[in-house]
>>> print(open('target.pdb').read())   # PDB, C-alpha atoms
ATOM      1  CA  MET A   1      37.868  73.536 103.969
ATOM      2  CA  VAL A   2      41.560  74.052 104.705
ATOM      3  CA  THR A   3      43.343  77.164 106.028
ATOM      4  CA  LEU A   4      45.536  78.554 103.258
ATOM      5  CA  ASN A   5      47.327  81.757 102.311
ATOM      6  CA  VAL A   6      47.965  83.225  98.893
ATOM      7  CA  ARG A   7      51.569  84.146  99.756
ATOM      8  CA  PRO A   8      54.017  83.179 102.494
ATOM      9  CA  ALA A   9      53.369  85.100 105.712
ATOM     10  CA  GLU A  10      56.095  87.051 107.456
ATOM     11  CA  ARG A  11      55.164  85.737 110.885
ATOM     12  CA  GLN A  12      53.190  82.469 110.608
ATOM     13  CA  THR A  13      55.459  80.812 108.070
ATOM     14  CA  ASP A  14      53.904  77.363 108.537
ATOM     15  CA  ILE A  15      50.587  78.243 106.835
ATOM     16  CA  PRO A  16      50.295  76.290 103.552
ATOM     17  CA  LEU A  17      49.603  78.083 100.276
ATOM     18  CA  VAL A  18      46.740  77.664  97.827
ATOM     19  CA  SER A  19      47.874  76.187  94.511
ATOM     20  CA  ASP A  20      44.765  76.270  92.320
ATOM     21  CA  PRO A  21      45.245  79.302  89.985
ATOM     22  CA  VAL A  22      41.588  80.394  89.899
ATOM     23  CA  THR A  23      41.207  80.032  93.662
ATOM     24  CA  ARG A  24      44.409  82.012  94.184
ATOM     25  CA  ARG A  25      43.070  84.779  91.949
ATOM     26  CA  VAL A  26      39.762  84.969  93.803
ATOM     27  CA  MET A  27      41.503  84.965  97.194
ATOM     28  CA  ASP A  28      43.780  87.777  95.994
ATOM     29  CA  LEU A  29      40.756  89.790  94.915
ATOM     30  CA  PHE A  30      39.098  89.209  98.290
ATOM     31  CA  ASN A  31      42.224  90.412 100.116
ATOM     32  CA  VAL A  32      42.502  93.512  97.927
ATOM     33  CA  SER A  33      38.830  94.329  98.523
ATOM     34  CA  TYR A  34      39.326  93.826 102.244
ATOM     35  CA  GLU A  35      42.273  96.230 102.235
ATOM     36  CA  ILE A  36      40.191  98.841 100.388
ATOM     37  CA  LEU A  37      37.451  98.406 102.983
ATOM     38  CA  LEU A  38      39.934  99.126 105.775
ATOM     39  CA  LEU A  39      41.160 102.221 103.913
ATOM     40  CA  MET A  40      37.582 103.462 103.582
ATOM     41  CA  LEU A  41      36.849 102.925 107.275
ATOM     42  CA  GLN A  42      40.124 104.621 108.149
ATOM     43  CA  ARG A  43      39.199 107.599 106.022
ATOM     44  CA  PHE A  44      35.712 107.780 107.547
ATOM     45  CA  PHE A  45      36.901 107.799 111.161
ATOM     46  CA  ALA A  46      40.053 109.907 110.574
ATOM     47  CA  HIS A  47      38.729 112.336 107.972
ATOM     48  CA  THR A  48      39.824 115.949 107.509
ATOM     49  CA  GLU A  49      37.688 118.360 105.439
ATOM     50  CA  GLU A  50      34.993 115.918 104.279
ATOM     51  CA  THR A  51      31.482 117.336 104.249
ATOM     52  CA  ASP A  52      28.492 115.437 105.648
ATOM     53  CA  PRO A  53      27.445 114.258 102.136
ATOM     54  CA  GLN A  54      30.987 113.027 101.495
ATOM     55  CA  LEU A  55      31.058 111.137 104.799
ATOM     56  CA  LYS A  56      27.729 109.565 103.883
ATOM     57  CA  ALA A  57      29.203 108.560 100.523
ATOM     58  CA  LEU A  58      32.083 106.852 102.339
ATOM     59  CA  ALA A  59      29.699 105.054 104.686
ATOM     60  CA  ASP A  60      27.509 103.910 101.793
ATOM     61  CA  ALA A  61      30.597 102.738  99.891
ATOM     62  CA  THR A  62      31.771 100.568 102.785
ATOM     63  CA  ILE A  63      28.371  98.853 103.002
ATOM     64  CA  ALA A  64      28.272  98.382  99.234
ATOM     65  CA  LEU A  65      31.798  96.941  99.267
ATOM     66  CA  MET A  66      30.924  94.461 102.013
ATOM     67  CA  PHE A  67      27.760  93.174 100.323
ATOM     68  CA  GLY A  68      28.773  93.707  96.683
ATOM     69  CA  ALA A  69      32.303  92.286  96.792
ATOM     70  CA  LEU A  70      33.479  90.783 100.090
ATOM     71  CA  LYS A  71      30.391  88.647 100.773
ATOM     72  CA  PRO A  72      30.081  87.149  97.261
ATOM     73  CA  LEU A  73      33.862  86.648  97.048
ATOM     74  CA  GLY A  74      33.864  84.916 100.438
ATOM     75  CA  ASP A  75      30.997  82.665  99.352
ATOM     76  CA  LEU A  76      32.719  81.934  96.052
ATOM     77  CA  VAL A  77      36.134  81.032  97.435
ATOM     78  CA  THR A  78      34.651  78.506  99.895
ATOM     79  CA  ARG A  79      33.362  76.549  96.898
ATOM     80  CA  LEU A  80      36.684  76.557  95.018
ATOM     81  CA  PRO A  81      39.309  73.788  95.261
ATOM     82  CA  ALA A  82      42.393  74.409  97.384
ATOM     83  CA  GLY A  83      44.613  72.543  94.933
ATOM     84  CA  PRO A  84      45.643  69.012  93.948
ATOM     85  CA  GLU A  85      47.613  68.652  97.196
ATOM     86  CA  TYR A  86      44.334  68.875  99.122
ATOM     87  CA  PRO A  87      41.901  66.477  97.399
ATOM     88  CA  GLY A  88      38.285  67.226  98.188
ATOM     89  CA  ARG A  89      39.166  70.323 100.249
ATOM     90  CA  THR A  90      38.133  73.879  99.495
ATOM     91  CA  ALA A  91      39.815  77.171 100.366
ATOM     92  CA  GLY A  92      38.499  80.160 102.307
ATOM     93  CA  PRO A  93      39.151  83.895 102.774
ATOM     94  CA  SER A  94      42.621  84.453 104.202
ATOM     95  CA  PHE A  95      42.287  88.177 105.121
ATOM     96  CA  GLU A  96      45.907  88.809 104.153
ATOM     97  CA  LEU A  97      47.190  92.396 104.193
ATOM     98  CA  PHE A  98      50.078  92.734 101.800
ATOM     99  CA  TYR A  99      50.970  96.293 102.863
ATOM    100  CA  GLU A 100      50.708  96.509 106.624
ATOM    101  CA  SER A 101      50.720 100.198 107.489
ATOM    102  CA  ASP A 102      49.055 102.403 110.063
ATOM    103  CA  TYR A 103      49.554 105.781 108.364
ATOM    104  CA  VAL A 104      46.595 107.961 107.467
ATOM    105  CA  LEU A 105      46.578 109.951 104.246
ATOM    106  CA  PRO A 106      46.333 113.592 105.382
ATOM    107  CA  HIS A 107      44.923 115.193 102.245
ATOM    108  CA  ARG A 108      41.310 114.663 101.282
ATOM    109  CA  GLU A 109      41.869 114.741  97.536
ATOM    110  CA  ALA A 110      44.769 112.274  97.635
ATOM    111  CA  ALA A 111      42.789 109.919  99.878
ATOM    112  CA  TRP A 112      39.723 109.900  97.621
ATOM    113  CA  ILE A 113      41.819 109.470  94.484
ATOM    114  CA  LEU A 114      43.560 106.486  96.084
ATOM    115  CA  LEU A 115      40.251 104.873  97.071
ATOM    116  CA  THR A 116      38.766 105.394  93.622
ATOM    117  CA  GLU A 117      41.820 104.060  91.796
ATOM    118  CA  ARG A 118      42.118 101.012  94.037
ATOM    119  CA  LEU A 119      38.457 100.169  93.418
ATOM    120  CA  ARG A 120      38.913 100.460  89.668
ATOM    121  CA  GLN A 121      42.084  98.374  89.762
ATOM    122  CA  ALA A 122      40.249  95.709  91.767
ATOM    123  CA  ALA A 123      37.444  95.756  89.191
ATOM    124  CA  ASP A 124      39.985  95.240  86.404
ATOM    125  CA  PHE A 125      41.370  92.268  88.373
ATOM    126  CA  CYS A 126      38.035  90.410  88.202
ATOM    127  CA  GLU A 127      39.190  87.957  85.559
ATOM    128  CA  PRO A 128      39.623  84.241  86.367
ATOM    129  CA  GLY A 129      43.086  84.115  84.784
ATOM    130  CA  ALA A 130      42.566  80.454  83.845
ATOM    131  CA  PRO A 131      39.786  78.228  82.477
ATOM    132  CA  CYS A 132      37.053  77.788  85.067
ATOM    133  CA  ASP A 133      33.400  76.994  85.604
ATOM    134  CA  PRO A 134      31.037  79.509  83.889
ATOM    135  CA  ALA A 135      29.411  80.171  87.266
ATOM    136  CA  VAL A 136      32.749  81.486  88.566
ATOM    137  CA  THR A 137      33.162  83.743  85.531
ATOM    138  CA  ASP A 138      29.614  85.074  85.916
ATOM    139  CA  GLY A 139      30.133  85.671  89.642
ATOM    140  CA  LEU A 140      33.330  87.613  89.034
ATOM    141  CA  ALA A 141      31.597  89.669  86.330
ATOM    142  CA  GLU A 142      28.925  90.706  88.835
ATOM    143  CA  ILE A 143      31.586  91.613  91.408
ATOM    144  CA  ARG A 144      33.439  93.623  88.784
ATOM    145  CA  SER A 145      30.274  95.587  88.069
ATOM    146  CA  SER A 146      29.773  96.192  91.801
ATOM    147  CA  LEU A 147      33.330  97.472  92.307
ATOM    148  CA  ALA A 148      33.101  99.792  89.305
ATOM    149  CA  GLY A 149      29.743 101.060  90.554
ATOM    150  CA  ILE A 150      31.167 101.812  94.005
ATOM    151  CA  ALA A 151      34.028 103.779  92.447
ATOM    152  CA  ASP A 152      31.584 105.785  90.339
ATOM    153  CA  ALA A 153      29.287 106.358  93.327
ATOM    154  CA  LEU A 154      32.149 107.854  95.339
ATOM    155  CA  LEU A 155      32.631 110.429  92.608
ATOM    156  CA  ILE A 156      28.990 111.138  91.869
ATOM    157  CA  SER A 157      27.750 111.225  95.471
ATOM    158  CA  GLY A 158      30.510 112.741  97.500
ATOM    159  CA  ALA A 159      33.727 113.480  95.653
ATOM    160  CA  ALA A 160      32.876 116.442  93.479
ATOM    161  CA  HIS A 161      36.184 118.020  94.462
ATOM    162  CA  LEU A 162      38.220 115.467  92.517
ATOM    163  CA  PRO A 163      39.903 116.437  89.229
ATOM    164  CA  ALA A 164      37.713 115.977  86.166
ATOM    165  CA  ARG A 165      39.881 113.133  84.817
ATOM    166  CA  TYR A 166      38.614 110.888  87.631
ATOM    167  CA  ALA A 167      34.957 111.350  86.742
ATOM    168  CA  PRO A 168      33.126 108.263  85.472
ATOM    169  CA  GLU A 169      33.586 107.970  81.748
ATOM    170  CA  THR A 170      30.475 108.047  79.613
ATOM    171  CA  PRO A 171      30.299 106.774  76.026
ATOM    172  CA  ALA A 172      30.202 110.373  74.782
ATOM    173  CA  GLN A 173      33.453 111.115  76.619
ATOM    174  CA  ALA A 174      35.273 108.010  75.451
ATOM    175  CA  GLU A 175      37.676 108.732  72.622
ATOM    176  CA  ASP A 176      38.287 106.490  69.668
ATOM    177  CA  LEU A 177      41.507 104.498  70.003
ATOM    178  CA  GLY A 178      42.689 105.700  66.602
ATOM    179  CA  THR A 179      42.199 109.332  67.656
ATOM    180  CA  LEU A 180      44.221 108.774  70.824
ATOM    181  CA  LEU A 181      47.061 107.102  68.949
ATOM    182  CA  ALA A 182      47.122 109.891  66.373
ATOM    183  CA  ARG A 183      47.315 112.494  69.162
ATOM    184  CA  ALA A 184      50.132 110.551  70.822
ATOM    185  CA  GLU A 185      52.066 110.468  67.562
ATOM    186  CA  ASP A 186      51.543 114.196  66.982
ATOM    187  CA  LEU A 187      52.793 115.003  70.483
ATOM    188  CA  TYR A 188      55.837 112.819  70.013
ATOM    189  CA  ARG A 189      56.742 114.230  66.587
ATOM    190  CA  THR A 190      56.238 117.844  67.691
ATOM    191  CA  VAL A 191      58.451 117.394  70.744
ATOM    192  CA  GLN A 192      61.124 115.887  68.523
ATOM    193  CA  ALA A 193      60.917 119.000  66.335
ATOM    194  CA  VAL A 194      61.412 121.512  69.160
ATOM    195  CA  THR A 195      63.977 119.671  71.297
ATOM    196  CA  PRO A 196      67.418 121.219  70.765
ATOM    197  CA  PRO A 197      70.124 118.560  70.852
ATOM    198  CA  GLY A 198      72.500 118.741  73.773
ATOM    199  CA  THR A 199      70.132 120.597  76.110
ATOM    200  CA  PRO A 200      70.033 118.510  79.331
ATOM    201  CA  ALA A 201      66.603 119.249  80.803
ATOM    202  CA  PRO A 202      64.529 119.196  77.581
ATOM    203  CA  THR A 203      66.449 116.157  76.357
ATOM    204  CA  GLY A 204      65.575 114.322  79.578
ATOM    205  CA  LEU A 205      61.903 115.259  79.316
ATOM    206  CA  ALA A 206      61.813 114.363  75.629
ATOM    207  CA  ALA A 207      63.404 110.984  76.378
ATOM    208  CA  LEU A 208      60.734 110.303  79.001
ATOM    209  CA  LEU A 209      58.048 111.350  76.544
ATOM    210  CA  ALA A 210      59.504 109.067  73.864
ATOM    211  CA  SER A 211      59.529 106.137  76.260
ATOM    212  CA  THR A 212      55.935 106.864  77.230
ATOM    213  CA  TYR A 213      54.998 106.962  73.555
ATOM    214  CA  GLN A 214      56.528 103.500  73.137
ATOM    215  CA  ALA A 215      54.363 102.290  76.041
ATOM    216  CA  VAL A 216      51.301 103.814  74.336
ATOM    217  CA  ARG A 217      52.038 101.943  71.129
ATOM    218  CA  ALA A 218      52.441  98.711  73.087
ATOM    219  CA  SER A 219      49.066  99.244  74.841
ATOM    220  CA  GLN A 220      46.947  99.658  71.719
ATOM    221  CA  GLY A 221      44.510  96.955  72.798
ATOM    222  CA  ASP A 222      43.671  98.811  76.012
ATOM    223  CA  ALA A 223      41.913 102.063  75.145
ATOM    224  CA  ARG A 224      41.607 103.144  78.781
ATOM    225  CA  THR A 225      45.345 102.812  79.398
ATOM    226  CA  VAL A 226      46.126 104.629  76.150
ATOM    227  CA  ALA A 227      43.762 107.472  77.071
ATOM    228  CA  ARG A 228      45.344 107.918  80.497
ATOM    229  CA  LEU A 229      48.895 107.835  79.155
ATOM    230  CA  VAL A 230      48.114 110.297  76.350
ATOM    231  CA  ASN A 231      46.075 112.789  78.381
ATOM    232  CA  SER A 232      47.855 112.615  81.742
ATOM    233  CA  VAL A 233      51.457 111.855  80.786
ATOM    234  CA  LEU A 234      52.276 112.785  77.193
ATOM    235  CA  ARG A 235      50.265 116.019  77.152
ATOM    236  CA  PRO A 236      51.728 117.623  80.340
ATOM    237  CA  LEU A 237      55.234 116.545  79.336
ATOM    238  CA  ALA A 238      54.828 117.938  75.832
ATOM    239  CA  THR A 239      53.544 121.314  76.981
ATOM    240  CA  THR A 240      56.622 121.690  79.193
ATOM    241  CA  LEU A 241      58.983 122.021  76.241
ATOM    242  CA  PRO A 242      59.438 125.482  74.661
ATOM    243  CA  GLY A 243      57.981 126.179  71.232
ATOM    244  CA  ILE A 244      55.569 123.288  71.382
ATOM    245  CA  SER A 245      52.607 125.250  70.017
ATOM    246  CA  SER A 246      54.373 126.466  66.872
ATOM    247  CA  ALA A 247      56.661 123.605  65.931
ATOM    248  CA  PRO A 248      55.701 121.472  62.946
ATOM    249  CA  PRO A 249      55.698 117.708  63.395
ATOM    250  CA  LYS A 250      58.792 115.893  62.163
ATOM    251  CA  PRO A 251      58.511 113.469  59.259
ATOM    252  CA  GLN A 252      57.764 109.759  59.575
ATOM    253  CA  GLU A 253      61.336 108.658  60.289
ATOM    254  CA  SER A 254      61.349 110.513  63.634
ATOM    255  CA  LEU A 255      59.414 107.724  65.363
ATOM    256  CA  PRO A 256      61.405 105.875  68.051
ATOM    257  CA  PRO A 257      63.065 102.592  67.025
ATOM    258  CA  GLN A 258      61.212  99.350  67.633
ATOM    259  CA  GLY A 259      62.195  97.463  70.759
ATOM    260  CA  PRO A 260      60.812  96.149  74.029
ATOM    261  CA  PRO A 261      58.498  98.840  75.440
ATOM    262  CA  PRO A 262      59.274 100.106  78.953
ATOM    263  CA  SER A 263      57.026  99.017  81.781
ATOM    264  CA  LEU A 264      54.895 101.585  83.592
ATOM    265  CA  TRP A 265      57.045 101.001  86.660
ATOM    266  CA  ASP A 266      60.212 101.849  84.698
ATOM    267  CA  LEU A 267      58.552 105.016  83.410
ATOM    268  CA  ALA A 268      57.519 105.980  86.938
ATOM    269  CA  VAL A 269      61.060 105.506  88.226
ATOM    270  CA  THR A 270      62.455 107.552  85.320
ATOM    271  CA  ALA A 271      59.954 110.360  85.935
ATOM    272  CA  THR A 272      60.746 110.461  89.645
ATOM    273  CA  THR A 273      64.510 110.405  89.049
ATOM    274  CA  LEU A 274      64.206 113.207  86.509
ATOM    275  CA  ARG A 275      62.038 115.216  88.884
ATOM    276  CA  ALA A 276      64.656 114.895  91.626
ATOM    277  CA  SER A 277      67.519 115.894  89.316
ATOM    278  CA  LEU A 278      65.965 119.120  88.035
ATOM    279  CA  ALA A 279      65.970 122.232  90.186
ATOM    280  CA  PRO A 280      63.584 123.880  89.707
ATOM    281  CA  ALA A 281      61.534 121.156  88.059
ATOM    282  CA  PRO A 282      59.539 122.168  84.960
ATOM    283  CA  PRO A 283      55.745 122.404  85.252
ATOM    284  CA  GLY A 284      55.222 119.221  83.206
ATOM    285  CA  LEU A 285      56.634 117.315  86.157
ATOM    286  CA  LEU A 286      54.823 119.463  88.719
ATOM    287  CA  ASP A 287      51.296 119.862  87.442
ATOM    288  CA  PRO A 288      48.703 120.570  90.190
ATOM    289  CA  HIS A 289      47.575 116.970  90.632
ATOM    290  CA  ARG A 290      50.796 115.118  89.682
ATOM    291  CA  ALA A 291      48.812 113.611  86.822
ATOM    292  CA  HIS A 292      51.675 111.847  85.068
ATOM    293  CA  ARG A 293      53.104 110.378  88.267
ATOM    294  CA  THR A 294      49.679 109.135  89.342
ATOM    295  CA  GLU A 295      49.023 107.476  86.004
ATOM    296  CA  LEU A 296      52.486 105.884  85.989
ATOM    297  CA  GLY A 297      51.876 104.344  89.396
ATOM    298  CA  LEU A 298      53.605 106.632  91.934
TER     299      LEU A 298
END
>>> encode(input="target.pdb", output="structure tokens")
Amino acid sequence: MVTLNVRPAERQTDIPLVSDPVTRRVMDLFNVSYEILLLMLQRFFAHTEETDPQLKALADATIALMFGALKPLGDLVTRLPAGPEYPGRTAGPSFELFYESDYVLPHREAAWILLTERLRQAADFCEPGAPCDPAVTDGLAEIRSSLAGIADALLISGAAHLPARYAPETPAQAEDLGTLLARAEDLYRTVQAVTPPGTPAPTGLAALLASTYQAVRASQGDARTVARLVNSVLRPLATTLPGISSAPPKPQESLPPQGPPPSLWDLAVTATTLRASLAPAPPGLLDPHRAHRTELGL
């Protein structure tokens, strides 16, 4: 085994880096899971309004994360090659923290949403990213299931106060991709019909909605992403514009021109910039749980 990092360190700059792509991916996943564990422990010991059942849910989640993700990931990475520069050597957990911070989230809801989303993002990251041994793929699939189960358990056991959109999705709740895309198109066309040209605030919101619609069309293979963009971004933006309930959809030619779709980061920056420029901001940018900004990554 050889001591390696995934990325250059700010302080110990002489630590070599892992070069095998699968090993790097697994080490990244271990570090992300480790960071989530620290966030959970931080929330447990510096909680605010959590009830006893919610504190128990946090405690159970930390144990599940240690034995369902960190332990198997640690075992797995010690069997993976460090890279061609280190023949016959394997890697090991690096315990890197990419966002070193000592702040504590003050609001219970925001803290639990963050924990749940980070767990689900880590679960989505459980893909090798390159050809590898089937045992590695199977191991990552089990870890993915564990991470998703921990996220669901936080909601079911102790986070009943979270908004309904964060509840575990059941097959009955899942919407058909075609239905979601049709709703996205209807929202886009209707907004185009009610947006008066030359009006600054609605034009800005409509432009953001159009860009989000382009991102929806580019994400057609990912039903979960489409559902979140349609329900938590397009819908609140659309209902902000006047006349939305009575305006007829525009004809087919009103769809935005083809071109490179914006990234979610670009959409988040646009939404935040627009929010800062409008005083007072419309409710579509200030819904109770900041749904659109959360889904866009802010």
>>> atom_distance(input="target.pdb", atom1="atom CA of A:Leu234", atom2="atom CA of A:Leu154")
27.5 Å
>>> closest_residue(input="target.pdb", among="A:Ala91, A:Leu114, A:Ala206, A:Ala215", to="A:Thr239", atoms="all atoms listed in the file")
A:Ala206
>>> residues_around(input="target.pdb", residues="A:Glu35", least_positions_apart="4", cutoff="12 Å", atoms="all atoms listed in the file", output="PyMOL selection string")
chain A and resi 28-31+39-42+62+65-66+70+94-101+115+118-119+122
>>> resolve_selection(input="target.pdb", expression="the PyMOL selection byres ((chain A and resi 182-185) around 8)", output="list in words")
Gly178, Thr179, Leu180, Leu181, Asp186, Leu187, Tyr188, Arg189, Tyr213, Val216, Val230 and Leu234 of chain A
>>> residues_around(input="target.pdb", residues="A:Ala135", least_positions_apart="6", cutoff="12 Å", atoms="only C-alpha atoms", output="list in words")
Leu76, Arg79, Leu80, Pro128, Ala141 and Glu142 of chain A
>>> residues_near_point(input="target.pdb", point="(32.7, 78.7, 99.4)", cutoff="10 Å", atoms="all atoms listed in the file", output="ChimeraX atom specification")
/A:1,72-81,90-93
>>> write_last_selection(input="target.pdb", atoms="C-alpha atoms", output="PDB file, keeping the file's coordinate frame")
ATOM      1  CA  MET A   1      37.868  73.536 103.969  1.00  0.00           C
ATOM      2  CA  PRO A  72      30.081  87.149  97.261  1.00  0.00           C
ATOM      3  CA  LEU A  73      33.862  86.648  97.048  1.00  0.00           C
ATOM      4  CA  GLY A  74      33.864  84.916 100.438  1.00  0.00           C
ATOM      5  CA  ASP A  75      30.997  82.665  99.352  1.00  0.00           C
ATOM      6  CA  LEU A  76      32.719  81.934  96.052  1.00  0.00           C
ATOM      7  CA  VAL A  77      36.134  81.032  97.435  1.00  0.00           C
ATOM      8  CA  THR A  78      34.651  78.506  99.895  1.00  0.00           C
ATOM      9  CA  ARG A  79      33.362  76.549  96.898  1.00  0.00           C
ATOM     10  CA  LEU A  80      36.684  76.557  95.018  1.00  0.00           C
ATOM     11  CA  PRO A  81      39.309  73.788  95.261  1.00  0.00           C
ATOM     12  CA  THR A  90      38.133  73.879  99.495  1.00  0.00           C
ATOM     13  CA  ALA A  91      39.815  77.171 100.366  1.00  0.00           C
ATOM     14  CA  GLY A  92      38.499  80.160 102.307  1.00  0.00           C
ATOM     15  CA  PRO A  93      39.151  83.895 102.774  1.00  0.00           C
TER      16      PRO A  93
END
>>> residues_around(input="target.pdb", residues="A:Ile15", least_positions_apart="5", cutoff="8 Å", atoms="only C-alpha atoms", output="count of residues only")
5
>>> closest_residue(input="target.pdb", among="A:Val6, A:Leu177, A:Ala123, A:Leu55", to="A:Arg108", atoms="all atoms listed in the file")
A:Leu55
>>> atom_distance(input="target.pdb", atom1="atom CA of A:Glu85", atom2="atom CA of A:Pro131")
19.2 Å
>>> atom_distance(input="target.pdb", atom1="atom CA of A:Arg25", atom2="atom CA of A:Gly129")
7.2 Å
>>> closest_residue(input="target.pdb", among="A:Ser219, A:Arg89, A:Pro262, A:Thr225", to="A:Thr23", atoms="all atoms listed in the file")
A:Arg89
>>> closest_residue(input="target.pdb", among="A:Leu147, A:Val226, A:Arg275, A:Asp133", to="A:Gln121", atoms="only C-alpha atoms")
A:Leu147
>>> closest_residue(input="target.pdb", among="A:Ala110, A:Ala82, A:Cys132, A:Ala218", to="A:Ser19", atoms="only C-alpha atoms")
A:Ala82
>>> closest_residue(input="target.pdb", among="A:Lys71, A:His47, A:Arg11, A:His107", to="A:Ile143", atoms="only C-alpha atoms")
A:Lys71
>>> resolve_selection(input="target.pdb", expression="the PyMOL selection byres ((chain A and resi 209) around 9)", output="VMD selection string")
chain A and resid 187 to 188 191 204 to 208 210 to 214 233 to 234 237 to 238
>>> build_atoms(input="target.pdb", residues="stretch 3-25 of chain A", atoms="N, CA and C atoms", output="PDB file, in the frame of the given file")
ATOM      1  N   THR A   3      42.795  75.817 105.855  1.00  0.00           N
ATOM      2  CA  THR A   3      43.343  77.164 106.028  1.00  0.00           C
ATOM      3  C   THR A   3      44.555  77.341 105.131  1.00  0.00           C
ATOM      4  N   LEU A   4      44.476  78.313 104.233  1.00  0.00           N
ATOM      5  CA  LEU A   4      45.536  78.554 103.258  1.00  0.00           C
ATOM      6  C   LEU A   4      45.782  80.043 103.117  1.00  0.00           C
ATOM      7  N   ASN A   5      46.986  80.392 102.690  1.00  0.00           N
ATOM      8  CA  ASN A   5      47.327  81.757 102.311  1.00  0.00           C
ATOM      9  C   ASN A   5      47.598  81.814 100.822  1.00  0.00           C
ATOM     10  N   VAL A   6      47.575  83.024 100.281  1.00  0.00           N
ATOM     11  CA  VAL A   6      47.965  83.225  98.893  1.00  0.00           C
ATOM     12  C   VAL A   6      49.486  83.302  98.779  1.00  0.00           C
ATOM     13  N   ARG A   7      50.119  83.963  99.761  1.00  0.00           N
ATOM     14  CA  ARG A   7      51.569  84.146  99.756  1.00  0.00           C
ATOM     15  C   ARG A   7      52.138  83.798 101.130  1.00  0.00           C
ATOM     16  N   PRO A   8      53.424  83.497 101.186  1.00  0.00           N
ATOM     17  CA  PRO A   8      54.017  83.179 102.494  1.00  0.00           C
ATOM     18  C   PRO A   8      53.876  84.351 103.458  1.00  0.00           C
ATOM     19  N   ALA A   9      53.518  84.058 104.702  1.00  0.00           N
ATOM     20  CA  ALA A   9      53.369  85.100 105.712  1.00  0.00           C
ATOM     21  C   ALA A   9      54.716  85.420 106.336  1.00  0.00           C
ATOM     22  N   GLU A  10      54.842  86.655 106.813  1.00  0.00           N
ATOM     23  CA  GLU A  10      56.095  87.051 107.456  1.00  0.00           C
ATOM     24  C   GLU A  10      56.233  86.449 108.838  1.00  0.00           C
ATOM     25  N   ARG A  11      55.111  86.217 109.505  1.00  0.00           N
ATOM     26  CA  ARG A  11      55.164  85.737 110.885  1.00  0.00           C
ATOM     27  C   ARG A  11      54.813  84.244 110.968  1.00  0.00           C
ATOM     28  N   GLN A  12      53.589  83.868 110.553  1.00  0.00           N
ATOM     29  CA  GLN A  12      53.190  82.469 110.608  1.00  0.00           C
ATOM     30  C   GLN A  12      53.629  81.764 109.322  1.00  0.00           C
ATOM     31  N   THR A  13      54.876  81.363 109.298  1.00  0.00           N
ATOM     32  CA  THR A  13      55.459  80.812 108.070  1.00  0.00           C
ATOM     33  C   THR A  13      55.032  79.379 107.798  1.00  0.00           C
ATOM     34  N   ASP A  14      54.303  78.758 108.719  1.00  0.00           N
ATOM     35  CA  ASP A  14      53.904  77.363 108.537  1.00  0.00           C
ATOM     36  C   ASP A  14      52.549  77.220 107.846  1.00  0.00           C
ATOM     37  N   ILE A  15      51.893  78.323 107.495  1.00  0.00           N
ATOM     38  CA  ILE A  15      50.587  78.243 106.835  1.00  0.00           C
ATOM     39  C   ILE A  15      50.790  77.808 105.393  1.00  0.00           C
ATOM     40  N   PRO A  16      50.135  76.733 104.945  1.00  0.00           N
ATOM     41  CA  PRO A  16      50.295  76.290 103.552  1.00  0.00           C
ATOM     42  C   PRO A  16      49.682  77.283 102.572  1.00  0.00           C
ATOM     43  N   LEU A  17      50.050  77.153 101.308  1.00  0.00           N
ATOM     44  CA  LEU A  17      49.603  78.083 100.276  1.00  0.00           C
ATOM     45  C   LEU A  17      48.641  77.401  99.313  1.00  0.00           C
ATOM     46  N   VAL A  18      47.672  78.167  98.830  1.00  0.00           N
ATOM     47  CA  VAL A  18      46.740  77.664  97.827  1.00  0.00           C
ATOM     48  C   VAL A  18      47.492  77.482  96.515  1.00  0.00           C
ATOM     49  N   SER A  19      47.165  76.445  95.766  1.00  0.00           N
ATOM     50  CA  SER A  19      47.874  76.187  94.511  1.00  0.00           C
ATOM     51  C   SER A  19      46.974  76.252  93.287  1.00  0.00           C
ATOM     52  N   ASP A  20      45.655  76.161  93.469  1.00  0.00           N
ATOM     53  CA  ASP A  20      44.765  76.270  92.320  1.00  0.00           C
ATOM     54  C   ASP A  20      44.789  77.706  91.796  1.00  0.00           C
ATOM     55  N   PRO A  21      45.059  77.923  90.490  1.00  0.00           N
ATOM     56  CA  PRO A  21      45.245  79.302  89.985  1.00  0.00           C
ATOM     57  C   PRO A  21      43.994  80.162  90.083  1.00  0.00           C
ATOM     58  N   VAL A  22      42.813  79.600  89.821  1.00  0.00           N
ATOM     59  CA  VAL A  22      41.588  80.394  89.899  1.00  0.00           C
ATOM     60  C   VAL A  22      41.291  80.750  91.345  1.00  0.00           C
ATOM     61  N   THR A  23      41.444  79.771  92.243  1.00  0.00           N
ATOM     62  CA  THR A  23      41.207  80.032  93.662  1.00  0.00           C
ATOM     63  C   THR A  23      42.161  81.096  94.177  1.00  0.00           C
ATOM     64  N   ARG A  24      43.423  81.013  93.760  1.00  0.00           N
ATOM     65  CA  ARG A  24      44.409  82.012  94.184  1.00  0.00           C
ATOM     66  C   ARG A  24      44.007  83.404  93.713  1.00  0.00           C
ATOM     67  N   ARG A  25      43.494  83.481  92.497  1.00  0.00           N
ATOM     68  CA  ARG A  25      43.070  84.779  91.949  1.00  0.00           C
ATOM     69  C   ARG A  25      41.896  85.353  92.752  1.00  0.00           C
TER      70      ARG A  25
END
